[in-house]
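Colleague: Structure file upload-v5.txt (compact mmCIF, C-alpha atoms) is given on the next line.
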# COMPACT_ATOMS: atom_id res chain seq x y z
CA MET A 1 22.53 2.95 32.83
CA LYS A 2 19.84 2.67 35.49
CA LYS A 3 19.70 6.45 35.97
CA ARG A 4 19.47 6.99 32.22
CA THR A 5 16.57 4.52 31.98
CA GLU A 6 14.77 6.21 34.88
CA MET A 7 15.25 9.60 33.23
CA ILE A 8 13.78 8.38 29.92
CA ILE A 9 10.80 6.87 31.72
CA GLY A 10 10.31 10.09 33.64
CA ILE A 11 10.35 12.22 30.50
CA ALA A 12 7.88 9.87 28.81
CA LEU A 13 5.51 10.12 31.79
CA MET A 14 5.80 13.92 31.78
CA VAL A 15 4.84 14.04 28.11
CA VAL A 16 1.87 11.71 28.61
CA LEU A 17 0.58 13.21 31.86
CA MET A 18 1.32 16.89 31.21
CA PRO A 19 -1.86 18.98 31.65
CA THR A 20 -3.31 20.15 28.34
CA MET A 21 -5.92 22.65 27.28
CA ALA A 22 -9.33 21.20 26.57
CA SER A 23 -9.15 22.39 22.95
CA ALA A 24 -6.41 19.86 22.13
CA MET A 25 -8.21 16.59 21.53
CA HIS A 26 -9.72 14.12 19.04
CA ILE A 27 -13.03 15.97 18.69
CA MET A 28 -13.53 18.14 21.75
CA GLU A 29 -16.30 17.92 24.31
CA GLY A 30 -19.49 19.64 23.15
CA PHE A 31 -18.14 20.42 19.68
CA LEU A 32 -20.58 18.24 17.71
CA PRO A 33 -24.34 18.84 17.58
CA PRO A 34 -26.34 16.35 19.73
CA VAL A 35 -27.80 14.53 16.72
CA TRP A 36 -24.33 13.56 15.50
CA CYS A 37 -23.13 12.61 18.98
CA ILE A 38 -26.04 10.18 19.32
CA SER A 39 -25.80 8.86 15.75
CA TRP A 40 -22.11 7.98 15.92
CA GLY A 41 -22.58 6.43 19.35
CA VAL A 42 -25.35 4.18 18.08
CA LEU A 43 -23.24 3.11 15.08
CA CYS A 44 -20.48 1.96 17.45
CA ILE A 45 -22.69 -0.34 19.54
CA PRO A 46 -22.66 -3.46 17.29
CA PHE A 47 -18.88 -3.22 16.88
CA VAL A 48 -18.40 -3.01 20.65
CA VAL A 49 -20.62 -6.06 21.18
CA LEU A 50 -18.65 -8.05 18.60
CA GLY A 51 -15.41 -6.92 20.23
CA LEU A 52 -16.50 -8.09 23.69
CA VAL A 53 -17.40 -11.49 22.26
CA SER A 54 -14.06 -11.68 20.45
CA ILE A 55 -12.02 -10.75 23.52
CA ASN A 56 -13.93 -13.19 25.72
CA ARG A 57 -13.34 -16.02 23.25
CA THR A 58 -9.65 -15.24 22.88
CA ALA A 59 -9.05 -14.96 26.64
CA ARG A 60 -10.92 -18.19 27.29
CA GLN A 61 -8.86 -20.11 24.73
CA ASN A 62 -5.53 -18.88 26.10
CA PRO A 63 -5.52 -16.76 29.29
CA ARG A 64 -1.83 -15.94 28.79
CA VAL A 65 -2.63 -13.55 25.93
CA LYS A 66 -4.32 -11.17 28.37
CA ILE A 67 -0.93 -9.55 28.91
CA LEU A 68 -0.58 -8.92 25.17
CA LEU A 69 -4.12 -7.59 25.08
CA ALA A 70 -3.33 -5.12 27.86
CA MET A 71 -0.10 -4.14 26.10
CA ALA A 72 -1.96 -3.41 22.86
CA GLY A 73 -4.32 -1.13 24.77
CA ALA A 74 -1.45 0.62 26.55
CA PHE A 75 0.35 1.12 23.22
CA ALA A 76 -2.72 2.82 21.77
CA PHE A 77 -3.20 4.92 24.92
CA VAL A 78 0.36 6.26 24.97
CA LEU A 79 0.57 7.01 21.24
CA SER A 80 -2.84 8.65 20.96
CA ALA A 81 -2.07 10.83 23.99
CA LEU A 82 0.77 12.54 22.09
CA LYS A 83 -1.18 15.45 20.61
CA ILE A 84 -0.32 18.07 17.99
CA PRO A 85 -2.90 20.92 17.76
CA SER A 86 -4.49 21.00 14.32
CA ILE A 87 -7.82 22.66 13.60
CA THR A 88 -10.28 24.19 16.04
CA GLY A 89 -11.98 21.45 18.03
CA SER A 90 -9.55 18.68 17.11
CA CYS A 91 -5.88 17.70 16.84
CA SER A 92 -3.46 15.35 15.13
CA HIS A 93 -1.76 12.43 16.86
CA PRO A 94 -0.71 8.80 16.34
CA THR A 95 -3.44 6.25 17.08
CA GLY A 96 -1.66 2.97 17.86
CA VAL A 97 -4.63 0.87 16.75
CA GLY A 98 -2.81 -1.07 14.04
CA LEU A 99 -0.87 -3.27 16.45
CA GLY A 100 -3.92 -4.53 18.32
CA ALA A 101 -5.92 -4.98 15.11
CA ILE A 102 -3.22 -7.24 13.66
CA LEU A 103 -2.83 -9.32 16.82
CA PHE A 104 -6.44 -9.62 17.96
CA GLY A 105 -8.57 -8.48 15.05
CA PRO A 106 -10.49 -5.23 14.45
CA ALA A 107 -13.44 -6.12 16.70
CA ALA A 108 -11.27 -6.60 19.80
CA MET A 109 -9.43 -3.36 19.05
CA THR A 110 -12.77 -1.52 19.03
CA VAL A 111 -13.22 -2.33 22.72
CA LEU A 112 -9.62 -1.44 23.55
CA GLY A 113 -9.91 1.81 21.58
CA LEU A 114 -13.13 2.73 23.36
CA ILE A 115 -11.47 2.20 26.75
CA VAL A 116 -8.49 4.30 25.66
CA LEU A 117 -10.73 7.15 24.52
CA LEU A 118 -12.79 6.98 27.72
CA PHE A 119 -9.67 7.17 29.90
CA GLN A 120 -8.29 10.07 27.87
CA ALA A 121 -11.56 11.99 28.10
CA LEU A 122 -11.77 11.51 31.87
CA LEU A 123 -8.10 11.76 32.83
CA LEU A 124 -6.44 13.95 30.20
CA ALA A 125 -9.29 16.16 28.90
CA HIS A 126 -8.50 14.69 25.49
CA GLY A 127 -11.74 14.14 23.61
CA GLY A 128 -15.01 14.11 25.49
CA LEU A 129 -17.97 12.07 26.68
CA THR A 130 -20.46 13.68 24.29
CA THR A 131 -18.12 13.07 21.35
CA LEU A 132 -17.02 9.61 22.53
CA GLY A 133 -19.13 7.86 19.88
CA ALA A 134 -17.71 9.92 17.02
CA ASN A 135 -14.13 9.53 18.25
CA ALA A 136 -14.61 5.81 18.84
CA PHE A 137 -16.01 5.27 15.34
CA SER A 138 -13.05 6.99 13.68
CA MET A 139 -10.22 5.62 15.83
CA ALA A 140 -11.58 2.39 17.32
CA VAL A 141 -13.80 1.13 14.48
CA ALA A 142 -12.66 2.49 11.10
CA GLY A 143 -8.93 2.58 11.88
CA PRO A 144 -8.64 -1.06 13.04
CA LEU A 145 -10.84 -2.30 10.17
CA VAL A 146 -8.55 -0.68 7.61
CA SER A 147 -5.41 -1.83 9.45
CA TYR A 148 -6.47 -5.46 9.49
CA ALA A 149 -7.77 -5.40 5.90
CA VAL A 150 -4.49 -3.93 4.61
CA PHE A 151 -2.46 -6.40 6.66
CA VAL A 152 -4.37 -9.39 5.23
CA MET A 153 -4.16 -8.10 1.66
CA VAL A 154 -0.39 -7.59 1.81
CA LYS A 155 0.09 -11.06 3.30
CA LYS A 156 -2.12 -12.65 0.63
CA ALA A 157 0.00 -10.89 -1.97
CA LYS A 158 3.03 -12.56 -0.29
CA GLY A 159 4.48 -9.26 0.80
CA PRO A 160 7.11 -9.17 3.56
CA ARG A 161 5.96 -9.01 7.17
CA TRP A 162 7.49 -5.60 7.83
CA LEU A 163 5.64 -4.09 4.87
CA ALA A 164 2.33 -5.59 5.95
CA VAL A 165 2.70 -4.20 9.47
CA PHE A 166 3.97 -0.81 8.30
CA LEU A 167 1.15 -0.25 5.81
CA ALA A 168 -1.47 -1.56 8.23
CA ALA A 169 -0.42 0.85 10.99
CA SER A 170 0.10 3.83 8.68
CA LEU A 171 -3.11 3.50 6.69
CA GLY A 172 -5.15 2.72 9.80
CA ASN A 173 -3.86 5.99 11.24
CA LEU A 174 -4.74 7.93 8.10
CA MET A 175 -8.21 6.40 7.88
CA THR A 176 -8.95 7.64 11.40
CA TYR A 177 -8.48 11.20 10.17
CA VAL A 178 -10.32 10.64 6.92
CA ILE A 179 -13.33 9.61 9.02
CA THR A 180 -12.79 12.50 11.45
CA SER A 181 -12.77 14.91 8.50
CA PHE A 182 -15.95 13.24 7.21
CA GLN A 183 -17.61 13.66 10.62
CA LEU A 184 -16.66 17.32 10.90
CA ALA A 185 -17.77 18.04 7.33
CA LEU A 186 -21.16 16.44 7.97
CA ALA A 187 -21.66 18.47 11.13
CA PHE A 188 -20.27 21.74 9.72
CA PRO A 189 -20.79 21.98 5.93
CA ALA A 190 -19.34 25.07 4.26
CA GLU A 191 -21.72 27.92 3.46
CA VAL A 192 -20.51 27.80 -0.14
CA GLY A 193 -19.97 24.32 -1.55
CA GLY A 194 -21.47 22.47 1.41
CA PHE A 195 -20.17 19.08 2.55
CA THR A 196 -17.64 18.55 -0.28
CA VAL A 197 -15.80 21.83 0.21
CA SER A 198 -15.78 21.35 3.97
CA LEU A 199 -14.42 17.81 3.64
CA GLU A 200 -11.61 18.96 1.36
CA LYS A 201 -10.70 21.71 3.80
CA PHE A 202 -10.59 19.44 6.84
CA MET A 203 -8.63 16.70 5.07
CA GLY A 204 -6.15 19.22 3.66
CA ILE A 205 -5.43 20.70 7.08
CA PHE A 206 -5.09 17.29 8.76
CA ALA A 207 -2.80 15.97 6.00
CA VAL A 208 -0.02 18.44 6.88
CA THR A 209 0.58 16.86 10.28
CA GLN A 210 -1.03 13.44 9.92
CA ILE A 211 0.95 12.00 7.01
CA PRO A 212 4.35 12.33 8.78
CA LEU A 213 2.75 10.98 11.97
CA ALA A 214 1.32 7.99 10.10
CA ILE A 215 4.71 7.13 8.62
CA SER A 216 6.37 7.44 12.04
CA GLU A 217 3.70 5.26 13.64
CA GLY A 218 4.17 2.64 10.94
CA ILE A 219 7.91 2.42 11.61
CA LEU A 220 7.43 2.23 15.39
CA THR A 221 4.75 -0.45 15.05
CA VAL A 222 7.08 -2.61 12.95
CA LEU A 223 9.76 -2.42 15.65
CA ILE A 224 7.32 -3.25 18.46
CA PHE A 225 5.69 -6.03 16.44
CA ASN A 226 9.04 -7.67 15.67
CA ALA A 227 9.90 -7.59 19.37
CA ILE A 228 6.60 -9.25 20.25
CA VAL A 229 7.12 -11.98 17.67
CA SER A 230 10.58 -12.67 19.09
CA TYR A 231 9.57 -12.89 22.75
CA ALA A 232 5.95 -14.10 22.71
CA LYS A 233 5.76 -16.55 19.81
CA GLU A 234 4.09 -19.25 21.92
CA GLU A 235 1.24 -16.94 22.93
CA LEU A 236 0.81 -15.70 19.37
CA THR A 237 0.23 -19.20 18.00
CA HIS A 238 -3.07 -19.24 19.91
CA LEU A 239 -4.37 -16.04 18.32
CA SER A 240 -6.67 -16.86 15.41
CA PHE A 241 -6.19 -13.47 13.71
CA PHE A 242 -2.43 -13.79 13.98
CA THR A 243 -2.32 -17.28 12.44
CA LYS A 244 -4.84 -16.35 9.74
CA GLY A 245 -2.44 -13.66 8.60
CA GLY A 246 0.21 -16.28 7.93
CA LEU A 247 2.81 -14.55 10.05
CA ASN A 248 4.32 -17.70 11.48
CA ASN A 249 6.12 -18.31 8.22
CA ALA A 250 6.61 -14.70 7.19
CA GLN A 251 9.68 -12.60 7.65
With the file now loaded, output its structure as C-alpha cells.

Modeller:
Amino acid sequence: MKKRTEMIIGIALMVVLMPTMASAMHIMEGFLPPVWCISWGVLCIPFVVLGLVSINRTARQNPRVKILLAMAGAFAFVLSALKIPSITGSCSHPTGVGLGAILFGPAAMTVLGLIVLLFQALLLAHGGLTTLGANAFSMAVAGPLVSYAVFVMVKKAKGPRWLAVFLAASLGNLMTYVITSFQLALAFPAEVGGFTVSLEKFMGIFAVTQIPLAISEGILTVLIFNAIVSYAKEELTHLSFFTKGGLNNAQ
C-alpha cells in the first residue's frame, strides 16, 4: 500500500514538474501588445488590494485557517498546471479557483491566483510576466467572482450543496476562458468581421477542450470540498464567506 501511494505521488509530481514548451500556457510571454499587458495589469490592482485586506482579516480572526488557505492555493496551482495545448499562444486547463472562492471569497482567491500564476510563469514557463495581468484578470479575478456568485445563487435557491459547488467550480472555469477569448479578440481582431468574428473563433476553439475540463473540475471540487467539510468543520465556522453561503445546514 505504501509503495502504491509513493508511486501515485511520484507520477503526479512528474506530470506537474515535467518540462514544457513555452508555447503551452495561459497567454504566453510576449504574446499580447504592451498596451493590453499594462491595461489588464492595472485593472487587477484594486482586486489584489481587496484580496490582501480580506486575507489579513480572515487570518487575524482565526489563524488556524491559514492551512486551508494554503491548500486552496496549492489546489489551484496543481490543477492549472495540467495543460492541454489549444490555440497558438494559449492552452486549456483546469483552474481550481472555485474551491478557494467558495471558502474565502473571490477577493482572497485573486491574491492566491496571482501567486499561482507568478510561480507558474517563473518555475514552469506557463504564462509569462508581461501577460501576468491579463492571465490574472481572467483566472484570478473573473473566475472566482463567477464561482462565488453562482455558489450564492444556488444556495439562495435552496439547491443542494453538491450542485452549488459543482456549478461554481465548472462555471468559474468556463468564465476564465470566456475572458481569455475576449482578451485575445481585443488584441487580435479578425481582418474581416473584427472583434466579433475573432471572439467567436477563439471561444469555439476553447470550447472543444474546456467544457469537458470544466465538468471534470466541478466533480473533483465537490469531492475535495466534501472532504474539507468533514475534517475541518471547526475552522470553516470562522470563515465569513463559508457561513454566508449557508453551508453549515446544507447537504

Colleague: Could you check which of A:Leu186, A:Ile55, A:Ala107, A:Met175 is closest to A:Ala207, using all atoms listed in the file?

Modeller: A:Met175

Colleague: One decimal, in Å: what's the spacing between atom CA of A:Ala134 and atom CA of A:Leu32?

Modeller: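 That distance, rounded to one decimal, is 8.8 Å.
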
Colleague: Out of A:Ala81, A:Leu132, A:Ile211, A:Val35, which residue has the shortest atom-to-atom distance to A:Ala169 when counting only C-alpha atoms?

Modeller: A:Ile211

Colleague: When you count only C-alpha atoms, which of these residues is closest to A:Thr176: A:His93, A:Arg161, A:Arg57, A:Lys201?

Modeller: A:His93

Colleague: Find the residue from A:Leu129, A:Val150, A:Leu213, A:Leu114 that sits nearest to A:Gly51; use all atoms listed in the file when measuring.

Modeller: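 Looking at the shortest contact to A:Gly51, the residue is A:Leu114.
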
Colleague: Set the distance at 8 Å and use only C-alpha atoms: which residues neighbour A:Ile219 once local chain neighbours fewer than 4 positions away are removed? I'd like the list as number ranges by chain.

Modeller: A: 166, 215, 223

Colleague: I need the residue nearest A:Leu199 from this list: A:Ala214, A:Leu171, A:Val178, A:Val146. Use all atoms listed in the file for the distance.

Modeller: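 Between A:Ala214, A:Leu171, A:Val178, A:Val146, the residue approaching A:Leu199 most closely is A:Val178.
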
Colleague: Identify which of the residues A:Leu79, A:Ile115, A:Ala121, A:Met203 lies closest to A:Glu29, counting all atoms listed in the file when measuring atom-to-atom distances.

Modeller: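 So, comparing all the options, the nearest one is A:Ala121.
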
Colleague: So the first atom is atom CA of A:Val154 and the second is atom CA of A:Val53; what is the distance between them in Å, to one decimal place?

Modeller: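 These two atoms are separated by 26.9 Å.
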
Colleague: Just to confirm, what's the straight-line distance from atom CA of A:Leu145 to atom CA of A:Thr110 in Å (one decimal)?

Modeller: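 Straight-line distance from atom CA of A:Leu145 to atom CA of A:Thr110 works out to 9.1 Å.
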
Colleague: In the coordinate frame of the file, compute which residues have an atom within 9 Å of (-11.2, 15.1, 26.8) when using all atoms listed in the file, and state them as a list in words.

Modeller: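 Residues found, by chain and rising number: Ala22, Ser23, Ala24, Met25, His26, Ile27, Met28, Glu29, Leu117, Leu118, Phe119, Gln120, Ala121, Leu122, Leu123, Leu124, Ala125, His126, Gly127, Gly128 and Leu129 of chain A.
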
Colleague: Could you write out that same residue set with C-alpha atoms as a PDB file, keeping the file's coordinate frame?

Modeller:
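Once written, result37.pdb looks like this:
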ATOM      1  CA  ALA A  22      -9.330  21.200  26.570  1.00  0.00           C
ATOM      2  CA  SER A  23      -9.150  22.390  22.950  1.00  0.00           C
ATOM      3  CA  ALA A  24      -6.410  19.860  22.130  1.00  0.00           C
ATOM      4  CA  MET A  25      -8.210  16.590  21.530  1.00  0.00           C
ATOM      5  CA  HIS A  26      -9.720  14.120  19.040  1.00  0.00           C
ATOM      6  CA  ILE A  27     -13.030  15.970  18.690  1.00  0.00           C
ATOM      7  CA  MET A  28     -13.530  18.140  21.750  1.00  0.00           C
ATOM      8  CA  GLU A  29     -16.300  17.920  24.310  1.00  0.00           C
ATOM      9  CA  LEU A 117     -10.730   7.150  24.520  1.00  0.00           C
ATOM     10  CA  LEU A 118     -12.790   6.980  27.720  1.00  0.00           C
ATOM     11  CA  PHE A 119      -9.670   7.170  29.900  1.00  0.00           C
ATOM     12  CA  GLN A 120      -8.290  10.070  27.870  1.00  0.00           C
ATOM     13  CA  ALA A 121     -11.560  11.990  28.100  1.00  0.00           C
ATOM     14  CA  LEU A 122     -11.770  11.510  31.870  1.00  0.00           C
ATOM     15  CA  LEU A 123      -8.100  11.760  32.830  1.00  0.00           C
ATOM     16  CA  LEU A 124      -6.440  13.950  30.200  1.00  0.00           C
ATOM     17  CA  ALA A 125      -9.290  16.160  28.900  1.00  0.00           C
ATOM     18  CA  HIS A 126      -8.500  14.690  25.490  1.00  0.00           C
ATOM     19  CA  GLY A 127     -11.740  14.140  23.610  1.00  0.00           C
ATOM     20  CA  GLY A 128     -15.010  14.110  25.490  1.00  0.00           C
ATOM     21  CA  LEU A 129     -17.970  12.070  26.680  1.00  0.00           C
TER      22      LEU A 129
END

Colleague: For the point (-22.1, 6.1, 16.6) in the file's frame, write as number ranges by chain all residues with an atom no more than 12 Å away, counting only C-alpha atoms.

Modeller: A: 34-48, 114, 130-142, 183

Colleague: For the residues in that selection, give me C-alpha atoms as a PDB file, keeping the file's coordinate frame.

Modeller:
ATOM      1  CA  PRO A  34     -26.340  16.350  19.730  1.00  0.00           C
ATOM      2  CA  VAL A  35     -27.800  14.530  16.720  1.00  0.00           C
ATOM      3  CA  TRP A  36     -24.330  13.560  15.500  1.00  0.00           C
ATOM      4  CA  CYS A  37     -23.130  12.610  18.980  1.00  0.00           C
ATOM      5  CA  ILE A  38     -26.040  10.180  19.320  1.00  0.00           C
ATOM      6  CA  SER A  39     -25.800   8.860  15.750  1.00  0.00           C
ATOM      7  CA  TRP A  40     -22.110   7.980  15.920  1.00  0.00           C
ATOM      8  CA  GLY A  41     -22.580   6.430  19.350  1.00  0.00           C
ATOM      9  CA  VAL A  42     -25.350   4.180  18.080  1.00  0.00           C
ATOM     10  CA  LEU A  43     -23.240   3.110  15.080  1.00  0.00           C
ATOM     11  CA  CYS A  44     -20.480   1.960  17.450  1.00  0.00           C
ATOM     12  CA  ILE A  45     -22.690  -0.340  19.540  1.00  0.00           C
ATOM     13  CA  PRO A  46     -22.660  -3.460  17.290  1.00  0.00           C
ATOM     14  CA  PHE A  47     -18.880  -3.220  16.880  1.00  0.00           C
ATOM     15  CA  VAL A  48     -18.400  -3.010  20.650  1.00  0.00           C
ATOM     16  CA  LEU A 114     -13.130   2.730  23.360  1.00  0.00           C
ATOM     17  CA  THR A 130     -20.460  13.680  24.290  1.00  0.00           C
ATOM     18  CA  THR A 131     -18.120  13.070  21.350  1.00  0.00           C
ATOM     19  CA  LEU A 132     -17.020   9.610  22.530  1.00  0.00           C
ATOM     20  CA  GLY A 133     -19.130   7.860  19.880  1.00  0.00           C
ATOM     21  CA  ALA A 134     -17.710   9.920  17.020  1.00  0.00           C
ATOM     22  CA  ASN A 135     -14.130   9.530  18.250  1.00  0.00           C
ATOM     23  CA  ALA A 136     -14.610   5.810  18.840  1.00  0.00           C
ATOM     24  CA  PHE A 137     -16.010   5.270  15.340  1.00  0.00           C
ATOM     25  CA  SER A 138     -13.050   6.990  13.680  1.00  0.00           C
ATOM     26  CA  MET A 139     -10.220   5.620  15.830  1.00  0.00           C
ATOM     27  CA  ALA A 140     -11.580   2.390  17.320  1.00  0.00           C
ATOM     28  CA  VAL A 141     -13.800   1.130  14.480  1.00  0.00           C
ATOM     29  CA  ALA A 142     -12.660   2.490  11.100  1.00  0.00           C
ATOM     30  CA  GLN A 183     -17.610  13.660  10.620  1.00  0.00           C
TER      31      GLN A 183
END
